[in-house]
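Some notes on the structure that comes next.
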Amino acid sequence: MLLIKCPWCGVRDETEFSYGGEAGIERPLKPEDLNDQEWADYLFMRKNTRGLFLEQWNHSLGCRQWFIVERNTVTYEIIATSKIKNEAPDIQVDA
Amino acid sequence: MAPMNKYSAFSLFKNALTNNKNWQVSWRDATPKSKYDAIIVGGGGHGLATAYYLAKNHGMKNIAVLEKGWIGGGNTARNTTIVRSNYLWTESSLLYEKSLKLWEGLSQDINFNVMFSQRGVYNLGHTLQDMRDIERRVSANQLNGIDAEVVDAQQIKQAIPLINTSKNARYPILGASLQRRAGVARHDAVAWGYARAASELGVDIIQQCEVTGIRKNGSQVMGVDTSRGYIEAKKVGVVVAGHASVLADMAGIRLPLESHPLQAYVSEPLKPVLDTVIMSNAVHGYISQSDKGELVIGAGIDPYIGYGQRGSFCTIEHCMQAIIALFPNFSRVRMLRQWGGIVDVSPDACPILSKTPVEGLYFNCGWGTGGFKATPGSGWTFAHTIANNQPHELNAPFSLDRFSTGALIDEHGAAAVAH
């Protein structure tokens with residue numbers, strides 16, 4: 001069981017949260033300018049990182065806020081959690 | 001190496017007379033050569049089957065299977081061994097049916113008893129919508145020439161006396177689809193059998209050999225860097241399940257995959273209580289009984305990306321709740337072991353068996369939670385793809401291109417996840 005620190009509510013059990021996958025995927029501003037390959041890349045292609053990974057979680061049975069978790073996908077250790085900012089996340093992780 | 005002795009009742013008898021001291025080693029534990037015609041990365045069931053069919057169907061002899069750990073130590077040994085072909089869409093049902101047909105003759109073909117037992121698989125329906133989906137899937141299967149039938153709760157109770165078909169059950173059972181030709185197989189034997197058969201055809205099986213890089217010249221694959229040195233090959237087939245994205249990254253390719261932990265459990269051995277396989281997508285549990293008497297139980301994936309070969313306890317609890325709701329008698333059965341595999345889930349719950357933008361580099365991945373049943377058909381079609389540099393008609397729909405053309409094969413089934 002993961003213990004996840006919601007930036008608003010504090011540490012709670014994994015069962016209160018739902019998973020939102022890779023963080024920092026930006027919806028293209030002009031989808032009509034993309035070719036099929038670029039659109040597929042946005043929709044489907046994922047880093048699926050083995051190691052340090054930035055991901056989104058939602059505190060769905062709590063405050064219902066989305067937030068960012070930096071987690072090791074091998075050891076499952078949670079390094080940090082943070083609120084989503086308007087700009088791209090400032091935590092840098094090697095792809 | 002001397003030709004392999006055939007396994008038979010006679011060989012059992014003969015070796016018993018000599019205190020079982022004269023059994024041959026089943027396959028050569030090879031050391032890597034500097035160059036091969038084709039390299040298969042990943043020594044699980046799918047990779048070994050690919051190597052076997054490359055040698056057997058396509059006459060390729062200079063092949064190596066590179067395995068990071070040991071043969072069949074990954075997902076091949078971490079599943080619930082269910083084999084069936086009752087998928088909804090034509091593309092997938094034909095691929096899995098090819099597999100099922102190969103399973104039916106596999107023990108004879110590779111001269112290794114994979115203990116394939118066609119004990120039937122029930123997929124339960126708990127709501128009216130489940131039953132409509134079941135009727136639709138059964139009809140689709142029948143149109144594709146695959147055996148399938150709809151059974152009602154009374155027939156289920158008759159076949160499986162321990163199941164709770166009470167109307168007051170937490171998840172009332174309204175009926176099920178039944179595929180009688182489906183069943184289970186001995187997972188370890190599948191890896192060992194394919195390894196032995198491939199080795200006999202000259203395939204080098206190289207364990208403790210981790211691929212650390214993929215070398216290219218322009219857009220042509222040249223070989224792989226490994227923990228045991230550089231190995232040259234103009235054809236490289238990657239069949240590494242949960243680690244597909246890691247290998248793709250080495251070649252500069254992006255894949256639409258997410259790797260999740262998938263857990264399974266076995267109980268203490270019991271006397272025979274269950275002679276078939278029961279699956280329920282709605283309550284997320286499936287169960288059968290092994291020949292040793294253990295209840296073999298599996299459920300859904302843990303929701304997060306994980307390469308740790310273990311998941312969370314809440315997933316175990318969720319699965320056990322479902323099983324106990326279906327079989328109240330099992331509430332006092334003690335669980336013996338629990339394990340996790342890393343499954344690579346694709347957006348449409350269908351595999352990718354495909355060429356890639358890199359010439360000579362092929363990927364076989366995305367089997368998600370259901371790869372074991374496909375082992376023979378996956379190997380058969382992937383070998384064809386590698387040997388001919390173009391897909392077999394059965395795996396042509398499962399190309400990597402489908403994510404940009406939009407021709408997805410949505411096998412999320414009842415969940416019907418919209419894309």
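Scheme for the structure tokens: letters A, B, ... for chains in order shown; per-chain residue numbers from 1; ligand numbers from 1 in order shown.
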| message | With only C-alpha atoms considered, list every residue of chain B at most 12 Å from chain A, as a ChimeraX atom specification. | response | /B:242-250,252-261,302-318,342-348,400-408,419
| request: Check chain A with DSSP on the backbone and list each residue it calls strand (DSSP E or B), as a ChimeraX atom specification. | output: /A:3-6,10-13,18-22,46,52-58,66-72,78-83
| request: Just the residues within 7 Å of stretch 210-216 of chain B, please, counting only C-alpha atoms, with nothing from its chain fewer than 4 positions along; format it as a PyMOL selection string. | output: chain B and resi 67-68+220-227+250-251
Dump of all heavy atoms for the selected residues, as a PDB file, in the first residue's frame:
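selection.pdb was written with the following content:
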```pdb
ATOM      1  N   GLU B  67      18.497 -13.688 -22.708  1.00  0.00           N
ATOM      2  CA  GLU B  67      17.632 -13.554 -21.542  1.00  0.00           C
ATOM      3  C   GLU B  67      18.415 -12.911 -20.397  1.00  0.00           C
ATOM      4  O   GLU B  67      19.484 -13.385 -20.031  1.00  0.00           O
ATOM      5  CB  GLU B  67      17.095 -14.945 -21.147  1.00  0.00           C
ATOM      6  CG  GLU B  67      16.435 -15.026 -19.787  1.00  0.00           C
ATOM      7  CD  GLU B  67      15.316 -14.010 -19.570  1.00  0.00           C
ATOM      8  OE1 GLU B  67      14.454 -13.865 -20.459  1.00  0.00           O
ATOM      9  OE2 GLU B  67      15.318 -13.354 -18.511  1.00  0.00           O
ATOM     10  N   LYS B  68      17.841 -11.844 -19.848  1.00  0.00           N
ATOM     11  CA  LYS B  68      18.500 -11.106 -18.768  1.00  0.00           C
ATOM     12  C   LYS B  68      18.661 -11.961 -17.513  1.00  0.00           C
ATOM     13  O   LYS B  68      19.696 -11.957 -16.865  1.00  0.00           O
ATOM     14  CB  LYS B  68      17.655  -9.867 -18.452  1.00  0.00           C
ATOM     15  CG  LYS B  68      18.111  -9.064 -17.265  1.00  0.00           C
ATOM     16  CD  LYS B  68      17.349  -7.758 -17.183  1.00  0.00           C
ATOM     17  CE  LYS B  68      15.940  -7.957 -16.626  1.00  0.00           C
ATOM     18  NZ  LYS B  68      15.282  -6.682 -16.305  1.00  0.00           N
ATOM     19  N   GLN B 220      19.030   1.278 -39.993  1.00  0.00           N
ATOM     20  CA  GLN B 220      19.130  -0.193 -40.005  1.00  0.00           C
ATOM     21  C   GLN B 220      19.739  -0.660 -38.683  1.00  0.00           C
ATOM     22  O   GLN B 220      20.752  -0.127 -38.228  1.00  0.00           O
ATOM     23  CB  GLN B 220      20.017  -0.643 -41.179  1.00  0.00           C
ATOM     24  CG  GLN B 220      20.506  -2.091 -41.134  1.00  0.00           C
ATOM     25  CD  GLN B 220      19.390  -3.126 -41.322  1.00  0.00           C
ATOM     26  OE1 GLN B 220      18.579  -3.003 -42.233  1.00  0.00           O
ATOM     27  NE2 GLN B 220      19.347  -4.127 -40.451  1.00  0.00           N
ATOM     28  N   VAL B 221      19.115  -1.654 -38.048  1.00  0.00           N
ATOM     29  CA  VAL B 221      19.667  -2.188 -36.814  1.00  0.00           C
ATOM     30  C   VAL B 221      20.923  -2.992 -37.132  1.00  0.00           C
ATOM     31  O   VAL B 221      20.999  -3.673 -38.167  1.00  0.00           O
ATOM     32  CB  VAL B 221      18.605  -3.029 -36.060  1.00  0.00           C
ATOM     33  CG1 VAL B 221      18.370  -4.370 -36.731  1.00  0.00           C
ATOM     34  CG2 VAL B 221      19.009  -3.226 -34.607  1.00  0.00           C
ATOM     35  N   MET B 222      21.967  -2.852 -36.310  1.00  0.00           N
ATOM     36  CA  MET B 222      23.232  -3.535 -36.564  1.00  0.00           C
ATOM     37  C   MET B 222      23.527  -4.620 -35.528  1.00  0.00           C
ATOM     38  O   MET B 222      24.241  -5.575 -35.819  1.00  0.00           O
ATOM     39  CB  MET B 222      24.399  -2.525 -36.554  1.00  0.00           C
ATOM     40  CG  MET B 222      24.290  -1.423 -37.601  1.00  0.00           C
ATOM     41  SD  MET B 222      24.055  -2.051 -39.275  1.00  0.00           S
ATOM     42  CE  MET B 222      25.678  -2.696 -39.631  1.00  0.00           C
ATOM     43  N   GLY B 223      23.010  -4.455 -34.316  1.00  0.00           N
ATOM     44  CA  GLY B 223      23.287  -5.431 -33.270  1.00  0.00           C
ATOM     45  C   GLY B 223      22.913  -4.883 -31.912  1.00  0.00           C
ATOM     46  O   GLY B 223      22.328  -3.798 -31.814  1.00  0.00           O
ATOM     47  N   VAL B 224      23.265  -5.656 -30.878  1.00  0.00           N
ATOM     48  CA  VAL B 224      22.918  -5.228 -29.522  1.00  0.00           C
ATOM     49  C   VAL B 224      24.149  -5.294 -28.618  1.00  0.00           C
ATOM     50  O   VAL B 224      24.969  -6.211 -28.718  1.00  0.00           O
ATOM     51  CB  VAL B 224      21.780  -6.090 -28.923  1.00  0.00           C
ATOM     52  CG1 VAL B 224      20.471  -5.867 -29.671  1.00  0.00           C
ATOM     53  CG2 VAL B 224      22.138  -7.565 -28.915  1.00  0.00           C
ATOM     54  N   ASP B 225      24.264  -4.287 -27.751  1.00  0.00           N
ATOM     55  CA  ASP B 225      25.244  -4.342 -26.670  1.00  0.00           C
ATOM     56  C   ASP B 225      24.623  -5.116 -25.524  1.00  0.00           C
ATOM     57  O   ASP B 225      23.457  -4.903 -25.198  1.00  0.00           O
ATOM     58  CB  ASP B 225      25.601  -2.925 -26.203  1.00  0.00           C
ATOM     59  CG  ASP B 225      26.409  -2.179 -27.243  1.00  0.00           C
ATOM     60  OD1 ASP B 225      27.482  -2.681 -27.618  1.00  0.00           O
ATOM     61  OD2 ASP B 225      25.956  -1.106 -27.701  1.00  0.00           O
ATOM     62  N   THR B 226      25.417  -6.018 -24.944  1.00  0.00           N
ATOM     63  CA  THR B 226      24.874  -6.799 -23.843  1.00  0.00           C
ATOM     64  C   THR B 226      25.873  -6.822 -22.697  1.00  0.00           C
ATOM     65  O   THR B 226      27.019  -6.396 -22.843  1.00  0.00           O
ATOM     66  CB  THR B 226      24.593  -8.270 -24.254  1.00  0.00           C
ATOM     67  OG1 THR B 226      25.852  -8.966 -24.312  1.00  0.00           O
ATOM     68  CG2 THR B 226      23.921  -8.364 -25.598  1.00  0.00           C
ATOM     69  N   SER B 227      25.413  -7.359 -21.573  1.00  0.00           N
ATOM     70  CA  SER B 227      26.305  -7.502 -20.422  1.00  0.00           C
ATOM     71  C   SER B 227      27.401  -8.521 -20.717  1.00  0.00           C
ATOM     72  O   SER B 227      28.353  -8.654 -19.952  1.00  0.00           O
ATOM     73  CB  SER B 227      25.488  -7.931 -19.204  1.00  0.00           C
ATOM     74  OG  SER B 227      24.746  -9.099 -19.512  1.00  0.00           O
ATOM     75  N   MET B 250      16.052   2.539 -26.068  1.00  0.00           N
ATOM     76  CA  MET B 250      17.423   2.332 -26.556  1.00  0.00           C
ATOM     77  C   MET B 250      17.499   2.520 -28.065  1.00  0.00           C
ATOM     78  O   MET B 250      18.547   2.852 -28.604  1.00  0.00           O
ATOM     79  CB  MET B 250      17.903   0.911 -26.224  1.00  0.00           C
ATOM     80  CG  MET B 250      18.077   0.634 -24.747  1.00  0.00           C
ATOM     81  SD  MET B 250      18.516  -1.111 -24.515  1.00  0.00           S
ATOM     82  CE  MET B 250      18.340  -1.243 -22.724  1.00  0.00           C
ATOM     83  N   ALA B 251      16.379   2.255 -28.751  1.00  0.00           N
ATOM     84  CA  ALA B 251      16.373   2.368 -30.213  1.00  0.00           C
ATOM     85  C   ALA B 251      15.759   3.685 -30.671  1.00  0.00           C
ATOM     86  O   ALA B 251      15.591   3.901 -31.870  1.00  0.00           O
ATOM     87  CB  ALA B 251      15.604   1.193 -30.819  1.00  0.00           C
TER      88      ALA B 251
END
```
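With distances taken over only C-alpha atoms, A:Leu61 is the one residue among A:Leu61, A:Leu34, A:Ile68, A:Leu52 lying closest to A:Glu16.
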| task | Determine, counting only C-alpha atoms, which protein, DNA and RNA residues have an atom within 6 Å of an atom of stretch 83-93 of chain B; residues of the same chain fewer than 6 positions away are not included. Present the result as a ChimeraX atom specification. | result | /B:137,182-184,373
| said: Taking only C-alpha atoms into account, name the residue in A:Asp33, A:Lys83, A:Gly62, A:Arg27 that is nearest to A:Cys9. | reply: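 Closest candidate: A:Gly62.
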